[in-house]
Amino acid sequence: MIIVISSRTSLFILCSIVICSVSVLGSEYFYHTCNNNANFTRNSLFKTNLDTAQAILMSDANTSNSGFYSASVGNGSDRVNALVYCRDDVKPDICRSCIKDSINKSREACPSTKEADVWYTECVLRYSNASISNNLDTLPLVYLPNPGNASDMDQFNKVLRDLLDELKGQASQETFASGNESGPGFSTIYGLMQCSPDLSSVPCSNCLDGLMTSIYSCCGGKVGARIYNPSCQLRYETYLFYNETIVEAPPPQLPPTPLPVPPSGKSINQLFSSIKLLFCSCF
């Protein structure tokens, strides 16, 4: 079951573990939240600004492969701040497809709210009339445990903790990290962490710390889990679920060939004269 901890810390069982696939290119819908505390009408200025901001996100995604896009349109209570980011291991065409799907999902699922978060496996879309860029936002917390149980829970948790500690260190510096460690019983534990690219190192690390802590309350002893909040995400499984990229090391450079050094006591001209005589004698 997907479980959500809202700002009121209530738990809701929302849907079955089977998640619908949305796009033929591979983007997979996960979950969304709509903040019903502030609404807009169909013909309002906020609606116009939201459509413009989402159009900017889509246009930027079509002209750049950065995987992170943001836009701010309007002023005051009608201002729209929007951002979207894709997982770093996702190919550009799937990223663009996911952004398009997430925008369509937000229009369908949150047609009149001034704040929404939409999670796909490959991307995260957010918009609000409040500031969201560079701000750590840890609620709502959404998680989906893998139903399988680890056979050696203590050893599994130890390896998992070591793996996640390593990934957190890398992700806090680079916003994304993936890797694996050998687990108990000839298994391999694969992990992935990502922060919203607008976060700096310290908030990113704090965000991931919060997700790691929640593992023990939501998913302890499970062989996998997805844990999301608006600012970061964590996932681990005993099967490969992310795209591995192999970066080939450049070929080693040969040391430069040293120039001949003139013998002691001879000038450069004398050396070249000797080479010329040697060359002529060969013919």
# chains A, B, ... in the order shown; residues from 1 in each chain; ligands from 1

call {"tool": "residues_around", "arguments": {"residues": "range 38-43 of chain A", "least_positions_apart": "3", "cutoff": "9 Å", "atoms": "only C-alpha atoms", "output": "number ranges by chain"}}
result
A: 35, 46-48, 111-115, 129

call {"tool": "write_last_selection", "arguments": {"atoms": "N, CA and C atoms", "output": "mmCIF file, in the first residue's frame"}}
result
data_model
loop_
_atom_site.group_PDB
_atom_site.id
_atom_site.type_symbol
_atom_site.label_atom_id
_atom_site.label_comp_id
_atom_site.auth_asym_id
_atom_site.auth_seq_id
_atom_site.Cartn_x
_atom_site.Cartn_y
_atom_site.Cartn_z
ATOM 1 N N ASN A 35 -3.284 20.929 -2.432
ATOM 2 C CA ASN A 35 -3.565 21.721 -1.238
ATOM 3 C C ASN A 35 -4.868 22.476 -1.447
ATOM 4 N N PHE A 46 -4.736 33.649 -11.909
ATOM 5 C CA PHE A 46 -3.851 32.576 -11.439
ATOM 6 C C PHE A 46 -3.836 31.424 -12.438
ATOM 7 N N LYS A 47 -4.994 31.065 -12.974
ATOM 8 C CA LYS A 47 -5.069 29.979 -13.959
ATOM 9 C C LYS A 47 -4.243 30.321 -15.199
ATOM 10 N N THR A 48 -4.337 31.572 -15.657
ATOM 11 C CA THR A 48 -3.542 32.000 -16.810
ATOM 12 C C THR A 48 -2.052 31.913 -16.506
ATOM 13 N N PRO A 111 -7.470 20.436 -10.380
ATOM 14 C CA PRO A 111 -7.890 21.428 -11.381
ATOM 15 C C PRO A 111 -8.092 22.828 -10.841
ATOM 16 N N SER A 112 -8.165 23.004 -9.510
ATOM 17 C CA SER A 112 -8.486 24.336 -8.986
ATOM 18 C C SER A 112 -7.708 24.704 -7.736
ATOM 19 N N THR A 113 -6.637 23.981 -7.417
ATOM 20 C CA THR A 113 -5.860 24.310 -6.214
ATOM 21 C C THR A 113 -4.591 25.062 -6.587
ATOM 22 N N LYS A 114 -4.213 26.000 -5.721
ATOM 23 C CA LYS A 114 -3.043 26.831 -5.994
ATOM 24 C C LYS A 114 -1.734 26.166 -5.605
ATOM 25 N N GLU A 115 -1.790 24.946 -5.133
ATOM 26 C CA GLU A 115 -0.573 24.227 -4.757
ATOM 27 C C GLU A 115 -0.763 22.749 -5.040
ATOM 28 N N ASN A 129 1.562 29.068 -5.050
ATOM 29 C CA ASN A 129 1.585 30.530 -5.034
ATOM 30 C C ASN A 129 2.555 31.054 -3.983
#

call {"tool": "residues_around", "arguments": {"residues": "Leu211 in chain A", "least_positions_apart": "3", "cutoff": "12 Å", "atoms": "only C-alpha atoms", "output": "VMD selection string"}}
result
chain A and resid 138 to 143 164 to 165 168 192 to 195 204 to 208 214 to 219 225 to 236

call {"tool": "write_last_selection", "arguments": {"atoms": "N, CA, C and O atoms", "output": "compact mmCIF listing (two decimals), in the first residue's frame"}}
result
# COMPACT_ATOMS: atom_id res chain seq x y z
N THR A 138 9.42 18.94 3.59
CA THR A 138 9.47 17.50 3.91
C THR A 138 8.10 16.85 4.06
O THR A 138 8.02 15.65 4.35
N LEU A 139 7.04 17.60 3.87
CA LEU A 139 5.68 17.03 3.95
C LEU A 139 4.88 17.44 2.73
O LEU A 139 5.04 18.55 2.23
N PRO A 140 4.04 16.54 2.23
CA PRO A 140 3.75 15.22 2.78
C PRO A 140 4.87 14.21 2.52
O PRO A 140 5.65 14.36 1.58
N LEU A 141 4.90 13.20 3.37
CA LEU A 141 5.82 12.07 3.21
C LEU A 141 5.04 10.90 2.65
O LEU A 141 4.02 10.50 3.21
N VAL A 142 5.50 10.38 1.52
CA VAL A 142 4.78 9.30 0.84
C VAL A 142 5.72 8.11 0.73
O VAL A 142 6.87 8.26 0.32
N TYR A 143 5.23 6.92 1.10
CA TYR A 143 6.11 5.76 0.98
C TYR A 143 5.35 4.51 0.55
O TYR A 143 4.16 4.36 0.80
N LEU A 164 23.21 3.46 2.12
CA LEU A 164 22.51 4.74 2.10
C LEU A 164 23.37 5.86 2.66
O LEU A 164 23.29 7.01 2.19
N ASP A 165 24.20 5.58 3.65
CA ASP A 165 25.12 6.59 4.16
C ASP A 165 26.07 7.07 3.05
O ASP A 165 26.35 8.27 2.92
N LYS A 168 24.03 9.06 0.47
CA LYS A 168 23.64 10.38 0.98
C LYS A 168 24.80 11.37 0.87
O LYS A 168 24.59 12.53 0.48
N LEU A 192 19.08 4.34 -4.50
CA LEU A 192 19.09 5.59 -5.26
C LEU A 192 18.59 6.70 -4.35
O LEU A 192 17.65 6.52 -3.58
N MET A 193 19.23 7.85 -4.41
CA MET A 193 18.81 9.04 -3.68
C MET A 193 18.89 10.24 -4.60
O MET A 193 19.80 10.34 -5.43
N GLN A 194 17.95 11.17 -4.41
CA GLN A 194 17.99 12.40 -5.19
C GLN A 194 17.32 13.52 -4.42
O GLN A 194 16.30 13.33 -3.76
N CYS A 195 17.91 14.71 -4.51
CA CYS A 195 17.31 15.92 -3.97
C CYS A 195 16.88 16.81 -5.13
O CYS A 195 17.44 16.74 -6.23
N CYS A 204 19.79 19.42 1.53
CA CYS A 204 19.67 18.13 0.84
C CYS A 204 20.02 16.99 1.79
O CYS A 204 19.28 16.00 1.89
N SER A 205 21.12 17.12 2.51
CA SER A 205 21.53 16.10 3.46
C SER A 205 20.48 15.91 4.56
O SER A 205 20.15 14.78 4.94
N ASN A 206 19.93 17.02 5.06
CA ASN A 206 18.90 16.93 6.09
C ASN A 206 17.64 16.25 5.57
O ASN A 206 17.00 15.47 6.30
N CYS A 207 17.29 16.55 4.33
CA CYS A 207 16.11 15.94 3.72
C CYS A 207 16.28 14.42 3.62
O CYS A 207 15.39 13.65 3.98
N LEU A 208 17.44 13.99 3.15
CA LEU A 208 17.70 12.56 3.00
C LEU A 208 17.80 11.87 4.35
O LEU A 208 17.38 10.71 4.49
N SER A 214 12.82 7.49 8.43
CA SER A 214 11.46 6.96 8.27
C SER A 214 11.43 5.50 7.84
O SER A 214 10.40 4.84 7.96
N ILE A 215 12.56 4.98 7.35
CA ILE A 215 12.60 3.58 6.92
C ILE A 215 12.19 2.66 8.07
O ILE A 215 11.44 1.70 7.89
N TYR A 216 12.67 2.95 9.26
CA TYR A 216 12.45 2.04 10.39
C TYR A 216 11.01 2.04 10.87
O TYR A 216 10.54 1.05 11.43
N SER A 217 10.29 3.14 10.63
CA SER A 217 8.89 3.18 11.03
C SER A 217 7.95 2.68 9.94
O SER A 217 6.87 2.18 10.23
N CYS A 218 8.37 2.81 8.69
CA CYS A 218 7.47 2.42 7.60
C CYS A 218 7.83 1.11 6.94
O CYS A 218 6.96 0.38 6.47
N CYS A 219 9.11 0.81 6.88
CA CYS A 219 9.55 -0.25 5.97
C CYS A 219 10.63 -1.15 6.57
O CYS A 219 11.39 -1.78 5.82
N ALA A 225 11.82 -0.31 -0.78
CA ALA A 225 10.86 0.74 -0.45
C ALA A 225 11.12 1.96 -1.33
O ALA A 225 12.26 2.21 -1.74
N ARG A 226 10.06 2.69 -1.60
CA ARG A 226 10.16 4.02 -2.21
C ARG A 226 9.66 5.02 -1.17
O ARG A 226 8.56 4.84 -0.62
N ILE A 227 10.42 6.06 -0.91
CA ILE A 227 10.04 7.07 0.07
C ILE A 227 10.27 8.44 -0.56
O ILE A 227 11.36 8.75 -1.01
N TYR A 228 9.21 9.24 -0.61
CA TYR A 228 9.25 10.54 -1.28
C TYR A 228 8.73 11.63 -0.36
O TYR A 228 7.83 11.40 0.44
N ASN A 229 9.28 12.83 -0.50
CA ASN A 229 8.63 14.05 -0.06
C ASN A 229 8.85 15.08 -1.17
O ASN A 229 9.48 14.75 -2.19
N PRO A 230 8.33 16.30 -1.06
CA PRO A 230 8.48 17.23 -2.18
C PRO A 230 9.92 17.59 -2.54
O PRO A 230 10.20 17.97 -3.68
N SER A 231 10.84 17.48 -1.58
CA SER A 231 12.21 17.95 -1.81
C SER A 231 13.23 16.87 -2.09
O SER A 231 14.33 17.17 -2.56
N CYS A 232 12.94 15.61 -1.79
CA CYS A 232 13.92 14.55 -2.05
C CYS A 232 13.24 13.20 -2.13
O CYS A 232 12.04 13.06 -1.81
N GLN A 233 13.99 12.20 -2.54
CA GLN A 233 13.45 10.86 -2.68
C GLN A 233 14.52 9.82 -2.42
O GLN A 233 15.72 10.08 -2.54
N LEU A 234 14.06 8.65 -2.02
CA LEU A 234 14.94 7.52 -1.70
C LEU A 234 14.26 6.25 -2.18
O LEU A 234 13.05 6.09 -2.03
N ARG A 235 15.05 5.36 -2.73
CA ARG A 235 14.51 4.04 -3.10
C ARG A 235 15.61 3.00 -2.97
O ARG A 235 16.78 3.26 -3.26
N TYR A 236 15.23 1.80 -2.51
CA TYR A 236 16.15 0.68 -2.50
C TYR A 236 15.37 -0.59 -2.81
O TYR A 236 14.18 -0.71 -2.51

call {"tool": "select_by_dssp", "arguments": {"residues": "range 60-188 of chain A", "states": "helix (DSSP H, G or I)", "output": "PyMOL selection string"}}
result
chain A and resi 60-63+76-78+92-109+153-174+184-186

call {"tool": "closest_residue", "arguments": {"among": "A:Val73, A:Leu136, A:Cys86, A:Cys98", "to": "Pro203 in chain A", "atoms": "only C-alpha atoms"}}
result
A:Leu136

call {"tool": "select_by_dssp", "arguments": {"residues": "range 22-202 of chain A", "states": "strand (DSSP E)", "output": "ChimeraX atom specification"}}
result
/A:29-34,68-73,80-86,116-120,123-128,141-145,176-182,188-195

call {"tool": "atom_distance", "arguments": {"atom1": "CA of Lys222 in chain A", "atom2": "CA of Gly148 in chain A"}}
result
5.7 Å

call {"tool": "closest_residue", "arguments": {"among": "A:Ile94, A:Glu28, A:Ile99, A:Ser172", "to": "Ile56 in chain A", "atoms": "only C-alpha atoms"}}
result
A:Ile99

call {"tool": "residues_around", "arguments": {"residues": "Ile189 in chain A", "least_positions_apart": "5", "cutoff": "9 Å", "atoms": "only C-alpha atoms", "output": "compact mmCIF listing (two decimals) with N, CA and C atoms, in the first residue's frame"}}
result
# COMPACT_ATOMS: atom_id res chain seq x y z
N PHE A 156 20.81 -7.42 6.67
CA PHE A 156 20.25 -6.62 5.57
C PHE A 156 20.24 -5.14 5.96
N VAL A 159 23.83 -3.61 5.95
CA VAL A 159 24.33 -3.32 4.61
C VAL A 159 23.57 -2.14 4.00
N LEU A 160 22.25 -2.13 4.21
CA LEU A 160 21.44 -1.03 3.68
C LEU A 160 21.88 0.30 4.26
N LEU A 163 25.11 1.44 2.72
CA LEU A 163 24.89 1.88 1.34
C LEU A 163 24.25 3.27 1.32
N GLY A 179 23.82 3.30 -6.47
CA GLY A 179 24.88 2.32 -6.28
C GLY A 179 24.33 1.06 -5.66
N ASN A 180 25.21 0.12 -5.36
CA ASN A 180 24.76 -1.15 -4.81
C ASN A 180 25.81 -1.72 -3.87
N GLU A 181 25.36 -2.64 -3.03
CA GLU A 181 26.24 -3.36 -2.11
C GLU A 181 25.78 -4.81 -2.05
N SER A 182 26.71 -5.72 -1.81
CA SER A 182 26.37 -7.13 -1.65
C SER A 182 25.67 -7.32 -0.31
N GLY A 183 24.48 -7.94 -0.37
CA GLY A 183 23.70 -8.17 0.83
C GLY A 183 23.78 -9.62 1.28
N VAL A 223 12.49 -5.74 1.85
CA VAL A 223 13.61 -5.82 0.91
C VAL A 223 13.63 -4.65 -0.07
N GLY A 224 12.69 -3.73 0.09
CA GLY A 224 12.67 -2.57 -0.78
C GLY A 224 11.65 -1.55 -0.32
N TYR A 236 15.23 1.80 -2.51
CA TYR A 236 16.15 0.68 -2.50
C TYR A 236 15.37 -0.59 -2.81
N GLU A 237 16.04 -1.53 -3.47
CA GLU A 237 15.44 -2.80 -3.87
C GLU A 237 16.54 -3.85 -3.94
N THR A 238 16.13 -5.11 -4.05
CA THR A 238 17.10 -6.18 -4.28
C THR A 238 17.15 -6.56 -5.75
N TYR A 239 16.70 -5.66 -6.62
CA TYR A 239 16.84 -5.83 -8.07
C TYR A 239 17.21 -4.46 -8.65
N LEU A 240 17.80 -4.48 -9.82
CA LEU A 240 18.24 -3.24 -10.44
C LEU A 240 17.02 -2.49 -10.99

call {"tool": "residues_around", "arguments": {"residues": "Gly221 in chain A", "least_positions_apart": "3", "cutoff": "7 Å", "atoms": "only C-alpha atoms", "output": "VMD selection string"}}
result
chain A and resid 149 to 150 153

call {"tool": "residues_around", "arguments": {"residues": "Ser102 in chain A", "least_positions_apart": "2", "cutoff": "12 Å", "atoms": "only C-alpha atoms", "output": "tab-separated table (two decimals) with C-alpha atoms, in the first residue's frame"}}
result
chain	number	residue	atom	x	y	z
A	22	VAL	CA	0.85	6.19	-18.01
A	23	SER	CA	3.19	6.71	-20.92
A	27	SER	CA	6.95	7.48	-17.28
A	28	GLU	CA	5.09	5.89	-14.39
A	29	TYR	CA	2.62	7.75	-12.17
A	30	PHE	CA	3.22	7.36	-8.44
A	31	TYR	CA	1.15	9.83	-6.38
A	32	HIS	CA	-0.06	13.43	-6.12
A	54	GLN	CA	3.75	25.05	-17.15
A	57	LEU	CA	8.59	24.25	-18.17
A	58	MET	CA	7.63	22.19	-21.19
A	83	LEU	CA	9.50	23.56	-10.90
A	84	VAL	CA	10.03	20.08	-12.24
A	85	TYR	CA	13.02	17.75	-12.11
A	86	CYS	CA	13.77	14.34	-13.56
A	94	ILE	CA	11.57	9.92	-21.17
A	95	CYS	CA	12.19	13.01	-19.02
A	96	ARG	CA	10.25	15.17	-21.47
A	97	SER	CA	7.47	12.61	-21.63
A	98	CYS	CA	7.30	12.48	-17.84
A	99	ILE	CA	7.11	16.27	-17.57
A	100	LYS	CA	4.26	16.35	-20.06
A	104	ASN	CA	-1.50	16.75	-17.55
A	105	LYS	CA	-1.94	14.83	-14.29
A	106	SER	CA	-1.83	18.05	-12.24
A	107	ARG	CA	-4.55	19.58	-14.43
A	108	GLU	CA	-6.67	16.48	-14.09
A	109	ALA	CA	-6.13	15.75	-10.38
A	110	CYS	CA	-5.79	19.31	-9.00
A	116	ALA	CA	0.17	20.70	-5.95
A	117	ASP	CA	2.90	18.07	-5.95
A	118	VAL	CA	2.93	15.28	-8.53
A	119	TRP	CA	5.31	12.34	-8.25
A	120	TYR	CA	6.21	10.04	-11.10
A	121	THR	CA	8.90	7.40	-10.94
A	122	GLU	CA	10.97	9.46	-13.37
A	123	CYS	CA	10.13	13.06	-12.37
A	124	VAL	CA	8.59	15.36	-9.77
A	125	LEU	CA	6.40	18.38	-10.58
A	126	ARG	CA	5.56	21.11	-8.06
A	127	TYR	CA	3.75	24.44	-8.18

call {"tool": "atom_distance", "arguments": {"atom1": "CA of Ala61 in chain A", "atom2": "CA of Gly169 in chain A"}}
result
28.3 Å

call {"tool": "atom_distance", "arguments": {"atom1": "CA of Ser200 in chain A", "atom2": "CA of Thr63 in chain A"}}
result
25.3 Å

call {"tool": "decode", "arguments": {"residues": "range 50-94 of chain A", "atoms": "N, CA and C atoms", "output": "PDB file, in the first residue's frame"}}
result
ATOM      1  N   LEU A  50      -0.621  30.001 -14.240  1.00  0.00           N
ATOM      2  CA  LEU A  50      -0.240  28.595 -14.097  1.00  0.00           C
ATOM      3  C   LEU A  50      -0.030  27.951 -15.458  1.00  0.00           C
ATOM      4  N   ASP A  51      -0.941  28.199 -16.388  1.00  0.00           N
ATOM      5  CA  ASP A  51      -0.779  27.653 -17.742  1.00  0.00           C
ATOM      6  C   ASP A  51       0.506  28.166 -18.384  1.00  0.00           C
ATOM      7  N   THR A  52       0.805  29.443 -18.170  1.00  0.00           N
ATOM      8  CA  THR A  52       2.027  30.024 -18.740  1.00  0.00           C
ATOM      9  C   THR A  52       3.266  29.393 -18.121  1.00  0.00           C
ATOM     10  N   ALA A  53       3.258  29.239 -16.798  1.00  0.00           N
ATOM     11  CA  ALA A  53       4.424  28.644 -16.118  1.00  0.00           C
ATOM     12  C   ALA A  53       4.655  27.216 -16.581  1.00  0.00           C
ATOM     13  N   GLN A  54       3.590  26.439 -16.708  1.00  0.00           N
ATOM     14  CA  GLN A  54       3.746  25.052 -17.153  1.00  0.00           C
ATOM     15  C   GLN A  54       4.180  24.987 -18.610  1.00  0.00           C
ATOM     16  N   ALA A  55       3.732  25.922 -19.421  1.00  0.00           N
ATOM     17  CA  ALA A  55       4.181  25.975 -20.814  1.00  0.00           C
ATOM     18  C   ALA A  55       5.675  26.296 -20.881  1.00  0.00           C
ATOM     19  N   ILE A  56       6.155  27.156 -19.974  1.00  0.00           N
ATOM     20  CA  ILE A  56       7.585  27.470 -19.926  1.00  0.00           C
ATOM     21  C   ILE A  56       8.385  26.229 -19.546  1.00  0.00           C
ATOM     22  N   LEU A  57       7.898  25.483 -18.559  1.00  0.00           N
ATOM     23  CA  LEU A  57       8.589  24.251 -18.165  1.00  0.00           C
ATOM     24  C   LEU A  57       8.712  23.296 -19.342  1.00  0.00           C
ATOM     25  N   MET A  58       7.623  23.131 -20.081  1.00  0.00           N
ATOM     26  CA  MET A  58       7.631  22.191 -21.192  1.00  0.00           C
ATOM     27  C   MET A  58       8.523  22.683 -22.327  1.00  0.00           C
ATOM     28  N   SER A  59       8.470  23.995 -22.596  1.00  0.00           N
ATOM     29  CA  SER A  59       9.324  24.563 -23.644  1.00  0.00           C
ATOM     30  C   SER A  59      10.797  24.417 -23.298  1.00  0.00           C
ATOM     31  N   ASP A  60      11.151  24.684 -22.043  1.00  0.00           N
ATOM     32  CA  ASP A  60      12.552  24.555 -21.617  1.00  0.00           C
ATOM     33  C   ASP A  60      13.007  23.097 -21.698  1.00  0.00           C
ATOM     34  N   ALA A  61      12.119  22.177 -21.342  1.00  0.00           N
ATOM     35  CA  ALA A  61      12.476  20.753 -21.412  1.00  0.00           C
ATOM     36  C   ALA A  61      12.702  20.315 -22.850  1.00  0.00           C
ATOM     37  N   ASN A  62      12.004  20.935 -23.793  1.00  0.00           N
ATOM     38  CA  ASN A  62      12.159  20.582 -25.208  1.00  0.00           C
ATOM     39  C   ASN A  62      13.417  21.163 -25.835  1.00  0.00           C
ATOM     40  N   THR A  63      14.023  22.128 -25.164  1.00  0.00           N
ATOM     41  CA  THR A  63      15.217  22.779 -25.737  1.00  0.00           C
ATOM     42  C   THR A  63      16.471  22.551 -24.911  1.00  0.00           C
ATOM     43  N   SER A  64      16.339  21.846 -23.785  1.00  0.00           N
ATOM     44  CA  SER A  64      17.493  21.604 -22.918  1.00  0.00           C
ATOM     45  C   SER A  64      17.378  20.231 -22.286  1.00  0.00           C
ATOM     46  N   ASN A  65      18.516  19.592 -22.069  1.00  0.00           N
ATOM     47  CA  ASN A  65      18.545  18.273 -21.432  1.00  0.00           C
ATOM     48  C   ASN A  65      19.027  18.347 -19.985  1.00  0.00           C
ATOM     49  N   SER A  66      18.881  19.508 -19.352  1.00  0.00           N
ATOM     50  CA  SER A  66      19.387  19.653 -17.987  1.00  0.00           C
ATOM     51  C   SER A  66      18.612  18.793 -16.988  1.00  0.00           C
ATOM     52  N   GLY A  67      17.333  18.542 -17.251  1.00  0.00           N
ATOM     53  CA  GLY A  67      16.524  17.732 -16.345  1.00  0.00           C
ATOM     54  C   GLY A  67      15.928  18.487 -15.184  1.00  0.00           C
ATOM     55  N   PHE A  68      16.212  19.780 -15.046  1.00  0.00           N
ATOM     56  CA  PHE A  68      15.639  20.612 -13.993  1.00  0.00           C
ATOM     57  C   PHE A  68      15.198  21.935 -14.599  1.00  0.00           C
ATOM     58  N   TYR A  69      13.933  22.299 -14.364  1.00  0.00           N
ATOM     59  CA  TYR A  69      13.367  23.489 -14.970  1.00  0.00           C
ATOM     60  C   TYR A  69      12.468  24.188 -13.959  1.00  0.00           C
ATOM     61  N   SER A  70      12.492  25.518 -13.960  1.00  0.00           N
ATOM     62  CA  SER A  70      11.657  26.283 -13.036  1.00  0.00           C
ATOM     63  C   SER A  70      11.123  27.517 -13.744  1.00  0.00           C
ATOM     64  N   ALA A  71      10.015  28.036 -13.209  1.00  0.00           N
ATOM     65  CA  ALA A  71       9.399  29.227 -13.785  1.00  0.00           C
ATOM     66  C   ALA A  71       8.595  29.933 -12.708  1.00  0.00           C
ATOM     67  N   SER A  72       8.588  31.256 -12.763  1.00  0.00           N
ATOM     68  CA  SER A  72       7.756  32.085 -11.882  1.00  0.00           C
ATOM     69  C   SER A  72       7.036  33.110 -12.734  1.00  0.00           C
ATOM     70  N   VAL A  73       5.707  33.181 -12.593  1.00  0.00           N
ATOM     71  CA  VAL A  73       4.885  34.057 -13.428  1.00  0.00           C
ATOM     72  C   VAL A  73       3.877  34.778 -12.538  1.00  0.00           C
ATOM     73  N   GLY A  74       3.755  36.094 -12.708  1.00  0.00           N
ATOM     74  CA  GLY A  74       2.736  36.855 -11.991  1.00  0.00           C
ATOM     75  C   GLY A  74       3.246  37.479 -10.707  1.00  0.00           C
ATOM     76  N   ASN A  75       2.322  38.115  -9.976  1.00  0.00           N
ATOM     77  CA  ASN A  75       2.658  38.810  -8.746  1.00  0.00           C
ATOM     78  C   ASN A  75       1.595  38.570  -7.675  1.00  0.00           C
ATOM     79  N   GLY A  76       2.015  38.825  -6.430  1.00  0.00           N
ATOM     80  CA  GLY A  76       1.078  38.740  -5.326  1.00  0.00           C
ATOM     81  C   GLY A  76       0.461  37.365  -5.172  1.00  0.00           C
ATOM     82  N   SER A  77      -0.831  37.339  -4.848  1.00  0.00           N
ATOM     83  CA  SER A  77      -1.527  36.064  -4.632  1.00  0.00           C
ATOM     84  C   SER A  77      -1.763  35.303  -5.926  1.00  0.00           C
ATOM     85  N   ASP A  78      -1.561  35.972  -7.069  1.00  0.00           N
ATOM     86  CA  ASP A  78      -1.718  35.303  -8.371  1.00  0.00           C
ATOM     87  C   ASP A  78      -0.389  34.810  -8.930  1.00  0.00           C
ATOM     88  N   ARG A  79       0.671  34.951  -8.165  1.00  0.00           N
ATOM     89  CA  ARG A  79       1.980  34.493  -8.628  1.00  0.00           C
ATOM     90  C   ARG A  79       2.039  32.976  -8.599  1.00  0.00           C
ATOM     91  N   VAL A  80       2.619  32.396  -9.636  1.00  0.00           N
ATOM     92  CA  VAL A  80       2.801  30.948  -9.723  1.00  0.00           C
ATOM     93  C   VAL A  80       4.290  30.641  -9.750  1.00  0.00           C
ATOM     94  N   ASN A  81       4.734  29.837  -8.806  1.00  0.00           N
ATOM     95  CA  ASN A  81       6.099  29.326  -8.785  1.00  0.00           C
ATOM     96  C   ASN A  81       6.031  27.839  -9.096  1.00  0.00           C
ATOM     97  N   ALA A  82       6.735  27.424 -10.117  1.00  0.00           N
ATOM     98  CA  ALA A  82       6.662  26.026 -10.550  1.00  0.00           C
ATOM     99  C   ALA A  82       8.060  25.491 -10.824  1.00  0.00           C
ATOM    100  N   LEU A  83       8.248  24.222 -10.556  1.00  0.00           N
ATOM    101  CA  LEU A  83       9.500  23.556 -10.904  1.00  0.00           C
ATOM    102  C   LEU A  83       9.226  22.082 -11.181  1.00  0.00           C
ATOM    103  N   VAL A  84      10.112  21.498 -11.947  1.00  0.00           N
ATOM    104  CA  VAL A  84      10.033  20.076 -12.244  1.00  0.00           C
ATOM    105  C   VAL A  84      11.451  19.556 -12.408  1.00  0.00           C
ATOM    106  N   TYR A  85      11.696  18.347 -11.904  1.00  0.00           N
ATOM    107  CA  TYR A  85      13.017  17.751 -12.112  1.00  0.00           C
ATOM    108  C   TYR A  85      12.868  16.258 -12.366  1.00  0.00           C
ATOM    109  N   CYS A  86      13.747  15.755 -13.213  1.00  0.00           N
ATOM    110  CA  CYS A  86      13.765  14.339 -13.563  1.00  0.00           C
ATOM    111  C   CYS A  86      14.897  13.642 -12.814  1.00  0.00           C
ATOM    112  N   ARG A  87      14.761  12.336 -12.666  1.00  0.00           N
ATOM    113  CA  ARG A  87      15.872  11.554 -12.121  1.00  0.00           C
ATOM    114  C   ARG A  87      17.052  11.638 -13.074  1.00  0.00           C
ATOM    115  N   ASP A  88      18.246  11.713 -12.510  1.00  0.00           N
ATOM    116  CA  ASP A  88      19.438  11.916 -13.336  1.00  0.00           C
ATOM    117  C   ASP A  88      19.738  10.738 -14.261  1.00  0.00           C
ATOM    118  N   ASP A  89      19.214   9.546 -13.930  1.00  0.00           N
ATOM    119  CA  ASP A  89      19.499   8.384 -14.766  1.00  0.00           C
ATOM    120  C   ASP A  89      18.487   8.208 -15.882  1.00  0.00           C
ATOM    121  N   VAL A  90      17.537   9.132 -16.018  1.00  0.00           N
ATOM    122  CA  VAL A  90      16.476   9.024 -17.019  1.00  0.00           C
ATOM    123  C   VAL A  90      16.914   9.687 -18.316  1.00  0.00           C
ATOM    124  N   LYS A  91      16.635   9.043 -19.432  1.00  0.00           N
ATOM    125  CA  LYS A  91      17.005   9.595 -20.731  1.00  0.00           C
ATOM    126  C   LYS A  91      16.162  10.833 -21.045  1.00  0.00           C
ATOM    127  N   PRO A  92      16.702  11.755 -21.848  1.00  0.00           N
ATOM    128  CA  PRO A  92      15.993  13.021 -22.115  1.00  0.00           C
ATOM    129  C   PRO A  92      14.594  12.844 -22.691  1.00  0.00           C
ATOM    130  N   ASP A  93      14.385  11.868 -23.591  1.00  0.00           N
ATOM    131  CA  ASP A  93      13.050  11.719 -24.179  1.00  0.00           C
ATOM    132  C   ASP A  93      12.040  11.248 -23.135  1.00  0.00           C
ATOM    133  N   ILE A  94      12.470  10.367 -22.228  1.00  0.00           N
ATOM    134  CA  ILE A  94      11.572   9.917 -21.169  1.00  0.00           C
ATOM    135  C   ILE A  94      11.337  11.045 -20.168  1.00  0.00           C
TER     136      ILE A  94
END
